[in-house]
Structure formats: structure tokens, C-alpha cells
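This is data_36.csv (CSV, C-alpha atoms (C1' of nucleotides)).
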chain,number,residue,atom,x,y,z
A,1,MET,CA,-22.7,3.8,16.2
A,2,ASN,CA,-24.1,3.8,12.6
A,3,ASN,CA,-22.7,1.9,9.6
A,4,ARG,CA,-20.6,4.9,8.6
A,5,GLN,CA,-19.0,5.3,12.0
A,6,VAL,CA,-18.2,1.6,12.2
A,7,ALA,CA,-16.7,1.7,8.7
A,8,ASP,CA,-14.7,4.8,9.5
A,9,ARG,CA,-13.2,3.2,12.6
A,10,LEU,CA,-12.4,0.0,10.7
A,11,HIS,CA,-10.8,2.0,8.0
A,12,SER,CA,-8.6,4.0,10.3
A,13,ALA,CA,-7.7,0.9,12.3
A,14,ALA,CA,-6.8,-1.1,9.2
A,15,VAL,CA,-4.5,1.7,7.9
A,16,HIS,CA,-2.5,2.0,11.1
A,17,LEU,CA,-2.5,-1.7,11.8
A,18,LEU,CA,-0.8,-2.4,8.5
A,19,ARG,CA,1.7,0.4,8.9
A,20,HIS,CA,2.6,-1.1,12.2
A,21,VAL,CA,3.2,-4.7,11.0
A,22,ARG,CA,5.0,-3.5,8.0
A,23,THR,CA,8.0,-2.5,10.1
A,24,VAL,CA,9.1,-6.2,10.3
A,25,ASP,CA,9.1,-6.8,6.5
A,26,SER,CA,12.7,-5.7,5.8
A,27,LYS,CA,13.9,-8.8,7.6
A,28,SER,CA,11.8,-11.3,5.8
A,29,GLY,CA,12.3,-10.2,2.2
A,30,LEU,CA,8.5,-10.5,1.8
A,31,THR,CA,6.5,-7.3,1.5
A,32,ALA,CA,2.8,-7.2,2.2
A,33,SER,CA,1.8,-7.7,-1.5
A,34,ARG,CA,4.1,-10.7,-1.8
A,35,LEU,CA,3.0,-12.2,1.4
A,36,SER,CA,-0.6,-11.9,0.4
A,37,ALA,CA,-0.2,-13.2,-3.1
A,38,LEU,CA,2.0,-16.0,-2.0
A,39,SER,CA,-0.6,-17.0,0.6
A,40,VAL,CA,-3.2,-17.2,-2.1
A,41,ILE,CA,-0.8,-19.4,-4.2
A,42,VAL,CA,0.1,-21.7,-1.3
A,43,PHE,CA,-3.5,-22.2,-0.1
A,44,GLY,CA,-5.4,-21.6,-3.3
A,45,GLY,CA,-3.5,-24.3,-5.2
A,46,PRO,CA,-2.1,-23.9,-8.8
A,47,ILE,CA,-3.8,-20.7,-10.0
A,48,SER,CA,-3.7,-18.6,-13.2
A,49,ILE,CA,-2.5,-15.0,-13.4
A,50,SER,CA,-6.0,-13.6,-13.9
A,51,GLU,CA,-7.5,-15.6,-11.1
A,52,LEU,CA,-4.7,-14.4,-8.8
A,53,ALA,CA,-5.2,-10.8,-9.9
A,54,GLU,CA,-8.9,-11.1,-9.2
A,55,ALA,CA,-8.3,-12.7,-5.8
A,56,GLU,CA,-5.9,-10.0,-4.9
A,57,GLN,CA,-8.1,-7.2,-6.3
A,58,VAL,CA,-5.4,-5.8,-8.5
A,59,ARG,CA,-4.8,-5.7,-12.3
A,60,PRO,CA,-3.1,-8.5,-14.2
A,61,PRO,CA,0.1,-6.6,-15.0
A,62,THR,CA,0.6,-6.0,-11.3
A,63,ILE,CA,0.5,-9.8,-10.5
A,64,SER,CA,2.4,-10.6,-13.7
A,65,ARG,CA,5.4,-8.7,-12.4
A,66,LEU,CA,5.0,-9.9,-8.9
A,67,VAL,CA,5.1,-13.5,-10.1
A,68,LYS,CA,8.0,-12.9,-12.4
A,69,GLU,CA,10.0,-11.6,-9.5
A,70,MET,CA,8.9,-14.4,-7.1
A,71,GLU,CA,9.8,-16.9,-9.8
A,72,TRP,CA,13.2,-15.3,-10.2
A,73,GLU,CA,13.7,-15.7,-6.5
A,74,GLY,CA,12.6,-19.3,-6.5
A,75,LEU,CA,9.4,-18.9,-4.5
A,76,VAL,CA,7.0,-20.0,-7.2
A,77,SER,CA,7.0,-21.9,-10.5
A,78,ARG,CA,4.9,-21.8,-13.6
A,79,GLN,CA,3.5,-24.4,-15.8
A,80,ARG,CA,1.7,-24.0,-19.1
A,81,ASP,CA,-1.9,-25.2,-19.0
A,82,ALA,CA,-2.2,-28.2,-21.4
A,83,GLN,CA,-5.9,-27.4,-22.3
A,84,ASP,CA,-5.4,-23.7,-22.9
A,85,ARG,CA,-1.9,-22.7,-23.8
A,86,ARG,CA,-2.5,-19.0,-23.1
A,87,VAL,CA,-2.8,-19.8,-19.4
A,88,THR,CA,0.0,-20.5,-17.0
A,89,ARG,CA,-0.6,-22.1,-13.6
A,90,ILE,CA,1.4,-20.8,-10.7
A,91,ARG,CA,2.3,-22.9,-7.8
A,92,ALA,CA,4.5,-22.3,-4.7
A,93,THR,CA,7.9,-24.0,-4.4
A,94,SER,CA,8.9,-25.5,-1.0
A,95,LYS,CA,11.1,-22.5,-0.5
A,96,GLY,CA,8.1,-20.2,-1.2
A,97,ARG,CA,6.0,-22.2,1.3
A,98,ARG,CA,8.7,-21.9,3.9
A,99,LEU,CA,9.2,-18.1,3.4
A,100,LEU,CA,5.5,-17.5,3.5
A,101,PHE,CA,5.2,-19.2,6.9
A,102,GLU,CA,8.2,-17.4,8.2
A,103,GLY,CA,7.2,-13.9,6.9
A,104,ARG,CA,3.7,-14.3,8.1
A,105,GLU,CA,4.9,-15.4,11.5
A,106,ARG,CA,7.0,-12.2,11.8
A,107,ARG,CA,4.1,-9.9,10.9
A,108,VAL,CA,1.6,-11.9,13.0
A,109,ALA,CA,4.0,-12.0,16.0
A,110,LYS,CA,4.2,-8.2,15.8
A,111,LEU,CA,0.5,-8.0,15.9
A,112,ALA,CA,0.1,-10.6,18.5
A,113,GLU,CA,2.1,-8.5,20.9
A,114,ARG,CA,-0.7,-6.0,20.8
A,115,VAL,CA,-3.4,-8.6,20.9
A,116,ALA,CA,-1.8,-10.0,24.0
A,117,ARG,CA,-2.1,-6.6,25.7
A,118,LEU,CA,-5.9,-6.5,25.4
A,119,SER,CA,-8.1,-7.4,28.3
A,120,PRO,CA,-9.7,-10.9,28.1
A,121,GLU,CA,-13.1,-9.3,27.1
A,122,GLU,CA,-11.5,-7.1,24.5
A,123,ARG,CA,-9.5,-10.0,23.1
A,124,GLU,CA,-12.7,-12.1,22.8
A,125,ARG,CA,-14.6,-9.4,21.0
A,126,VAL,CA,-11.7,-8.7,18.6
A,127,ALA,CA,-11.3,-12.4,17.9
A,128,GLU,CA,-15.0,-12.7,17.0
A,129,ALA,CA,-14.9,-9.6,14.9
A,130,ALA,CA,-11.8,-10.7,13.2
A,131,ALA,CA,-13.5,-13.9,12.0
A,132,THR,CA,-16.4,-11.8,10.6
A,133,LEU,CA,-14.1,-9.3,9.0
A,134,GLU,CA,-12.0,-11.9,7.4
A,135,ARG,CA,-15.1,-13.2,5.7
A,136,PHE,CA,-16.5,-9.9,4.7
A,137,SER,CA,-13.4,-8.2,3.4
A,138,LEU,CA,-12.7,-10.9,0.8
A,139,PRO,CA,-14.4,-10.9,-2.5
A,140,ALA,CA,-17.1,-13.6,-2.6
A,141,ASP,CA,-15.1,-15.9,-4.9
A,142,HIS,CA,-11.7,-15.4,-3.2
A,143,PRO,CA,-9.8,-18.7,-3.2
A,144,LEU,CA,-9.3,-18.5,0.6
A,145,SER,CA,-12.9,-17.8,1.4
B,1,MET,CA,-8.4,-19.0,19.1
B,2,ASN,CA,-5.0,-17.9,20.4
B,3,ASN,CA,-3.3,-14.6,20.0
B,4,ARG,CA,-1.5,-15.7,16.9
B,5,GLN,CA,-4.7,-16.8,15.2
B,6,VAL,CA,-6.5,-13.6,16.1
B,7,ALA,CA,-3.6,-11.6,14.8
B,8,ASP,CA,-3.5,-13.6,11.6
B,9,ARG,CA,-7.1,-13.0,10.8
B,10,LEU,CA,-6.8,-9.3,11.6
B,11,HIS,CA,-3.9,-9.1,9.3
B,12,SER,CA,-5.6,-10.8,6.4
B,13,ALA,CA,-8.8,-8.8,6.9
B,14,ALA,CA,-6.9,-5.5,7.1
B,15,VAL,CA,-5.0,-6.2,3.8
B,16,HIS,CA,-8.1,-7.1,1.9
B,17,LEU,CA,-10.3,-4.4,3.4
B,18,LEU,CA,-7.9,-1.7,2.3
B,19,ARG,CA,-7.6,-3.1,-1.2
B,20,HIS,CA,-11.3,-3.0,-1.4
B,21,VAL,CA,-11.8,0.6,-0.3
B,22,ARG,CA,-8.8,1.8,-2.4
B,23,THR,CA,-10.9,1.2,-5.6
B,24,VAL,CA,-12.8,4.5,-5.0
B,25,ASP,CA,-9.7,6.7,-4.6
B,26,SER,CA,-9.2,7.6,-8.2
B,27,LYS,CA,-12.3,9.8,-8.0
B,28,SER,CA,-11.3,11.7,-4.9
B,29,GLY,CA,-7.7,12.7,-5.7
B,30,LEU,CA,-6.8,11.6,-2.2
B,31,THR,CA,-4.9,8.3,-1.8
B,32,ALA,CA,-4.8,6.3,1.5
B,33,SER,CA,-1.6,8.0,2.6
B,34,ARG,CA,-2.9,11.5,2.0
B,35,LEU,CA,-6.3,10.8,3.6
B,36,SER,CA,-4.6,9.5,6.6
B,37,ALA,CA,-2.1,12.3,7.0
B,38,LEU,CA,-4.7,14.9,6.2
B,39,SER,CA,-6.9,13.5,8.9
B,40,VAL,CA,-4.1,13.8,11.4
B,41,ILE,CA,-3.6,17.4,10.3
B,42,VAL,CA,-7.2,18.3,10.5
B,43,PHE,CA,-8.0,16.7,13.8
B,44,GLY,CA,-4.5,16.9,15.4
B,45,GLY,CA,-4.2,20.7,14.9
B,46,PRO,CA,-1.2,22.5,13.7
B,47,ILE,CA,1.6,19.9,13.8
B,48,SER,CA,5.2,19.7,12.8
B,49,ILE,CA,6.7,17.4,10.2
B,50,SER,CA,8.4,15.1,12.7
B,51,GLU,CA,5.3,14.8,14.8
B,52,LEU,CA,3.3,14.0,11.7
B,53,ALA,CA,5.9,11.4,10.6
B,54,GLU,CA,5.7,9.8,14.0
B,55,ALA,CA,2.0,9.8,14.1
B,56,GLU,CA,1.9,8.2,10.7
B,57,GLN,CA,4.7,5.8,11.5
B,58,VAL,CA,6.7,6.8,8.5
B,59,ARG,CA,10.1,8.6,8.1
B,60,PRO,CA,10.2,12.4,7.9
B,61,PRO,CA,11.2,12.6,4.2
B,62,THR,CA,8.0,10.7,3.3
B,63,ILE,CA,5.9,13.2,5.1
B,64,SER,CA,8.0,16.1,3.9
B,65,ARG,CA,7.1,15.3,0.3
B,66,LEU,CA,3.5,14.5,1.0
B,67,VAL,CA,3.1,17.9,2.7
B,68,LYS,CA,4.9,19.6,-0.2
B,69,GLU,CA,2.4,18.1,-2.7
B,70,MET,CA,-0.6,18.8,-0.5
B,71,GLU,CA,0.6,22.4,-0.1
B,72,TRP,CA,1.0,22.7,-3.8
B,73,GLU,CA,-2.6,21.5,-4.2
B,74,GLY,CA,-3.8,24.0,-1.6
B,75,LEU,CA,-4.9,21.4,1.0
B,76,VAL,CA,-2.5,22.5,3.8
B,77,SER,CA,-0.5,25.5,4.7
B,78,ARG,CA,2.8,25.9,6.6
B,79,GLN,CA,3.9,28.4,9.2
B,80,ARG,CA,7.3,28.8,10.7
B,81,ASP,CA,7.4,28.3,14.4
B,82,ALA,CA,8.3,31.5,16.1
B,83,GLN,CA,10.0,29.9,19.1
B,84,ASP,CA,12.0,27.4,17.0
B,85,ARG,CA,12.6,28.5,13.5
B,86,ARG,CA,13.7,25.0,12.3
B,87,VAL,CA,10.1,23.8,12.8
B,88,THR,CA,7.2,24.4,10.5
B,89,ARG,CA,3.7,23.9,11.7
B,90,ILE,CA,1.2,22.4,9.2
B,91,ARG,CA,-2.4,23.1,9.2
B,92,ALA,CA,-5.3,22.2,6.9
B,93,THR,CA,-6.9,24.8,4.6
B,94,SER,CA,-10.7,24.8,4.3
B,95,LYS,CA,-10.2,23.1,0.9
B,96,GLY,CA,-8.2,20.4,2.7
B,97,ARG,CA,-10.8,20.0,5.3
B,98,ARG,CA,-13.5,19.7,2.7
B,99,LEU,CA,-11.6,17.2,0.6
B,100,LEU,CA,-10.8,15.1,3.6
B,101,PHE,CA,-14.4,14.7,4.5
B,102,GLU,CA,-15.4,14.0,0.9
B,103,GLY,CA,-12.6,11.5,0.3
B,104,ARG,CA,-13.2,9.8,3.6
B,105,GLU,CA,-16.9,9.6,2.9
B,106,ARG,CA,-16.2,7.8,-0.4
B,107,ARG,CA,-14.0,5.1,1.2
B,108,VAL,CA,-16.2,4.8,4.2
B,109,ALA,CA,-19.3,4.6,2.0
B,110,LYS,CA,-17.7,1.7,0.2
B,111,LEU,CA,-17.0,-0.1,3.4
B,112,ALA,CA,-20.4,0.8,4.9
B,113,GLU,CA,-22.0,-1.2,2.0
B,114,ARG,CA,-20.4,-4.2,3.5
B,115,VAL,CA,-21.0,-3.3,7.1
B,116,ALA,CA,-24.7,-3.0,6.2
B,117,ARG,CA,-24.8,-6.5,4.9
B,118,LEU,CA,-23.8,-8.0,8.3
B,119,SER,CA,-26.4,-9.4,10.6
B,120,PRO,CA,-27.3,-7.2,13.6
B,121,GLU,CA,-25.3,-9.4,15.9
B,122,GLU,CA,-22.2,-9.3,13.6
B,123,ARG,CA,-22.5,-5.6,13.1
B,124,GLU,CA,-22.6,-5.1,16.9
B,125,ARG,CA,-19.6,-7.2,17.4
B,126,VAL,CA,-17.6,-5.6,14.6
B,127,ALA,CA,-18.6,-2.1,15.9
B,128,GLU,CA,-17.3,-2.9,19.4
B,129,ALA,CA,-14.1,-4.5,18.0
B,130,ALA,CA,-13.6,-1.5,15.7
B,131,ALA,CA,-13.4,0.8,18.7
B,132,THR,CA,-10.9,-1.5,20.4
B,133,LEU,CA,-8.9,-1.8,17.3
B,134,GLU,CA,-8.8,1.8,16.6
B,135,ARG,CA,-7.2,2.4,20.0
B,136,PHE,CA,-4.8,-0.5,19.8
B,137,SER,CA,-3.5,0.0,16.3
B,138,LEU,CA,-2.4,3.5,17.0
B,139,PRO,CA,0.9,4.3,18.7
B,140,ALA,CA,0.3,5.4,22.3
B,141,ASP,CA,1.1,9.1,21.5
B,142,HIS,CA,-0.8,9.4,18.3
B,143,PRO,CA,-2.6,12.8,18.1
B,144,LEU,CA,-5.9,11.1,17.4
B,145,SER,CA,-5.7,8.6,20.3
C,1,DT,C1',32.7,30.3,20.3
C,2,DC,C1',32.4,26.3,18.0
C,3,DA,C1',31.0,21.5,18.2
C,4,DT,C1',27.0,18.8,18.4
C,5,DT,C1',22.3,17.9,17.9
C,6,DT,C1',17.9,18.5,15.9
C,7,DC,C1',14.4,19.6,12.1
C,8,DA,C1',13.5,19.6,7.5
C,9,DT,C1',14.5,19.0,2.8
C,10,DT,C1',16.7,17.1,-1.4
C,11,DA,C1',18.5,13.3,-4.2
C,12,DG,C1',18.1,9.0,-5.6
C,13,DC,C1',16.7,4.2,-4.9
C,14,DT,C1',12.8,0.4,-4.7
C,15,DA,C1',8.1,-1.6,-4.6
C,16,DA,C1',3.7,-1.8,-6.2
C,17,DG,C1',-0.2,0.1,-8.2
C,18,DC,C1',-2.2,1.7,-12.9
C,19,DT,C1',-3.3,2.1,-18.4
C,20,DA,C1',-2.2,1.2,-23.1
C,21,DA,C1',-0.3,-1.6,-26.5
C,22,DT,C1',1.3,-6.1,-28.1
C,23,DA,C1',1.8,-11.2,-28.8
C,24,DA,C1',0.0,-15.7,-28.6
C,25,DT,C1',-3.7,-18.6,-28.4
C,26,DA,C1',-8.7,-19.9,-28.4
C,27,DA,C1',-13.3,-19.5,-29.9
C,28,DT,C1',-16.7,-18.2,-33.2
C,29,DG,C1',-19.3,-17.0,-37.3
C,30,DG,C1',-19.8,-16.8,-42.4
D,1,DC,C1',-12.1,-23.7,-43.0
D,2,DC,C1',-10.5,-19.4,-42.5
D,3,DA,C1',-11.0,-14.7,-40.8
D,4,DT,C1',-12.3,-12.1,-37.2
D,5,DT,C1',-12.9,-11.4,-32.4
D,6,DA,C1',-12.1,-12.4,-27.6
D,7,DT,C1',-9.1,-13.8,-23.9
D,8,DT,C1',-4.6,-14.4,-21.4
D,9,DA,C1',-0.4,-12.7,-20.3
D,10,DT,C1',3.3,-9.7,-20.9
D,11,DT,C1',5.9,-5.4,-21.8
D,12,DA,C1',6.5,-0.4,-21.6
D,13,DG,C1',6.0,3.5,-19.2
D,14,DC,C1',3.8,6.4,-15.8
D,15,DT,C1',2.6,7.6,-10.6
D,16,DT,C1',2.7,7.2,-5.6
D,17,DA,C1',4.8,6.2,-1.5
D,18,DG,C1',8.0,4.1,1.2
D,19,DC,C1',13.3,4.1,2.4
D,20,DT,C1',18.5,5.8,3.4
D,21,DA,C1',22.1,9.1,3.0
D,22,DA,C1',23.6,13.7,2.5
D,23,DT,C1',22.9,18.6,3.3
D,24,DG,C1',21.4,23.1,5.2
D,25,DA,C1',19.8,25.8,8.8
D,26,DA,C1',18.8,26.6,13.5
D,27,DA,C1',19.2,25.6,18.4
D,28,DT,C1',21.9,23.9,22.3
D,29,DG,C1',25.6,23.3,25.3
D,30,DA,C1',30.6,22.7,26.8

Mind turning the file's structure into C-alpha cells?
Amino acid sequence: MNNRQVADRLHSAAVHLLRHVRTVDSKSGLTASRLSALSVIVFGGPISISELAEAEQVRPPTISRLVKEMEWEGLVSRQRDAQDRRVTRIRATSKGRRLLFEGRERRVAKLAERVARLSPEERERVAEAAATLERFSLPADHPLS
Amino acid sequence: MNNRQVADRLHSAAVHLLRHVRTVDSKSGLTASRLSALSVIVFGGPISISELAEAEQVRPPTISRLVKEMEWEGLVSRQRDAQDRRVTRIRATSKGRRLLFEGRERRVAKLAERVARLSPEERERVAEAAATLERFSLPADHPLS
DNA sequence: TCATTTCATTAGCTAAGCTAATAATAATGG
DNA sequence: CCATTATTATTAGCTTAGCTAATGAAATGA
């Protein structure tokens, strides 16, 4: 299998994998985008809008609105940076942290059902590849990398 | 690594992988959803709206609109089923086939850049896992499975 | 036959991406 | 030191893609 074929399979698998896990989101109140951003905020510490946008590979206005909504819902809070007053630092509230873990758990549980169906050999290979993938699909300077 | 951890990594990798490849879509005129649906139409032969919706794991109205737009753009054509006149069969036009291959190529090329950066061992493991994943992230009755 | 079921579409809502324009602040050069 | 430029974030307004509910049209079946 050449690079292109590997890439093609990865692409197709990723698309369908996410469609599959998305089915549990209605219960959690956290969509894929929010889960992902919240995860960066929780684990990547207080972070600015532009840093968050870059980490999430989207444009600042997209994150700006996401944060506004999450703030409204009490999942995150903002604080003006004392050194540079243009910047606001975003951090997760305890409610945000709790919802992240719950929402993640739901998605991951859904996926884990399928992981559990694999043969031990397949599971092993997928586990190894997942580690590699996790590394290579993040931008080099992603806060979680 | 337990099932949950494997699943967690897969989830995270899939999210960022798709964000990454999405950056090339503006040039192709084919978004992720269209690429995916068109792919099912091209390889899964003439197919009804409901079959397509199930294959894509979305609701019929979502596919209905997608097909309407792709038809408008000359990528697919419809034909009433002679046996059951409620059903329309969708098939790709030659333009649709061409655009699928081009659009896919762009996304996949973007991904392949990263695949190419892996060590031979990593690449091998990812390739094997991709095959497994492709199978397991599709519903059992997906036309491409 | 007529009541029910099935397939597809339409209408209308939400979420999440984008660009362009604007406001506020910081940094810089004359 | 002030005026200009650059940076950070937001707002406005557009698009795409998901959803449910309601509707029309065709098939099925009691």
C-alpha cells in the first residue's frame, strides 16, 4: 500500500468514525467542536483566543463565538491579560471540566464498543497506530502535543 | 492501553486529521460531506436516497438536499425506479466521477504528505491499522464495506 | 376500498465554518 | 512624543450541513 492508499483509507475511516460517535452528542450538550476546544482549554491551561484558534486549526472568529457561547453556559471564564490588554486568557470552570470528561466519556464509550469487537491482534495494531496518528495529526505546536 | 484509551486517541486523531485535510477543500468545490456521499454513489452504484442516508449515517433530508445540489451542479443524475415509483436511483455523472477523483486526490495528497514523514515502521503500522479502521468504522451494511 | 406504511421532499431551525470590517490596544519610526 | 502601523478580538453576514416536523405521492394490506 503506498502513501496515497494509506491516506485514502485513513481519510475514509476518520469521516465515518466521527459520524458514528457524533450520534451520542445530543445527550451531552457538547458537540465535537466544543469538546475539542474545551479539551484544549482544560489541558492546555489558560490560553488566548488566537492560540486556541491555531490549536484548533480554525479562524479566530469561529473560536471567538464558541468561547462566547461556552462562557454563557458557564463552561469557561475569561480574564484580561495584564501585560497585553488586547488579549483575554480563557480557562475552564469546574463545570466545564466536568462536562468535558462526561461528554468525552460518552463519545469514547461509543467508540470503545467497536474497539472491543476487534481481535486482540487488530486491537494491538490499532492501538499502536492511534498513538502515531494522534501525534501526526496535530500541528507541531498544538498545546496537547 | 485499554479500549477506552485506544478509543480516546482515535477520536482525537480523527478530529484533527479531518480539520487538517479540510484546508484544501475550497479549491475543489467538494466538501467532506459531498466527497463522502459522491464516493458512495460512484462506488456503490445506483442507490436510493434512503440507502445513501443510511450508508452516510445521516437523515434522509440531509441527503435529499445534498443530492439536489449535486444534481444542480451536474455531478449526479436521478432516475425513477420502475418497480417502485416512490424511489429514485442516484448515479454519478462522468463529471461527478472526475470531480470525486480530483477532490479526493487533493485531500489525500495533503494527508499523504504526513504519511510520508513517518518512519517505515510507523507507516507500516498505520497502514495496517487503516485497513482495520476502514472496516470497523463503517456500518455493517455500508455499500463500500 | 381505504387505512397504513414507506420514500422523498420542503420548511424551518441550529451549529460551525468562513471573510470583511471595526474597535481597542501595543509597538514602532520620524 | 506622537502618528502610523500591526495585532488581538469581536461583530456582521454569508454558507454548508446537520436535525425534526409536516406533506405529498406511491405502495401495501386488511

Counting all atoms listed in the file, which residues of chain D come no farther than 12 Å from chain B, as a list of chain:residue names? D:DT15, D:DT16, D:DA17, D:DG18, D:DC19, D:DT20, D:DA21, D:DG24, D:DA25, D:DA26, D:DA27, D:DT28

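Taking CA of Ala129 (chain B) as the reference point, CA of Val115 (chain B) is found at 13.0 Å.
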
Any idea what's packed within 12 Å of DT23 (chain D), counting only C-alpha atoms (C1' of nucleotides), ignoring anything in its chain fewer than 5 positions away? Could you give it as a ChimeraX atom specification? /C:8-11

Pick the closest to chain C from A:Ala82, A:Ala7, A:Ser12, A:Leu75: which is it, counting only C-alpha atoms (C1' of nucleotides)?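 Result for the nearest residue to chain C: A:Ala82.
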
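Between CA of Val126 (chain A) and CA of Gly45 (chain A) there is a distance of 29.6 Å.
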
Kindly give the distance, in Å, that separates CA of Pro46 (chain B) and CA of Ile90 (chain B), rounded to a single decimal.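 Value for the CA of Pro46 (chain B)-CA of Ile90 (chain B) distance: 5.1 Å.
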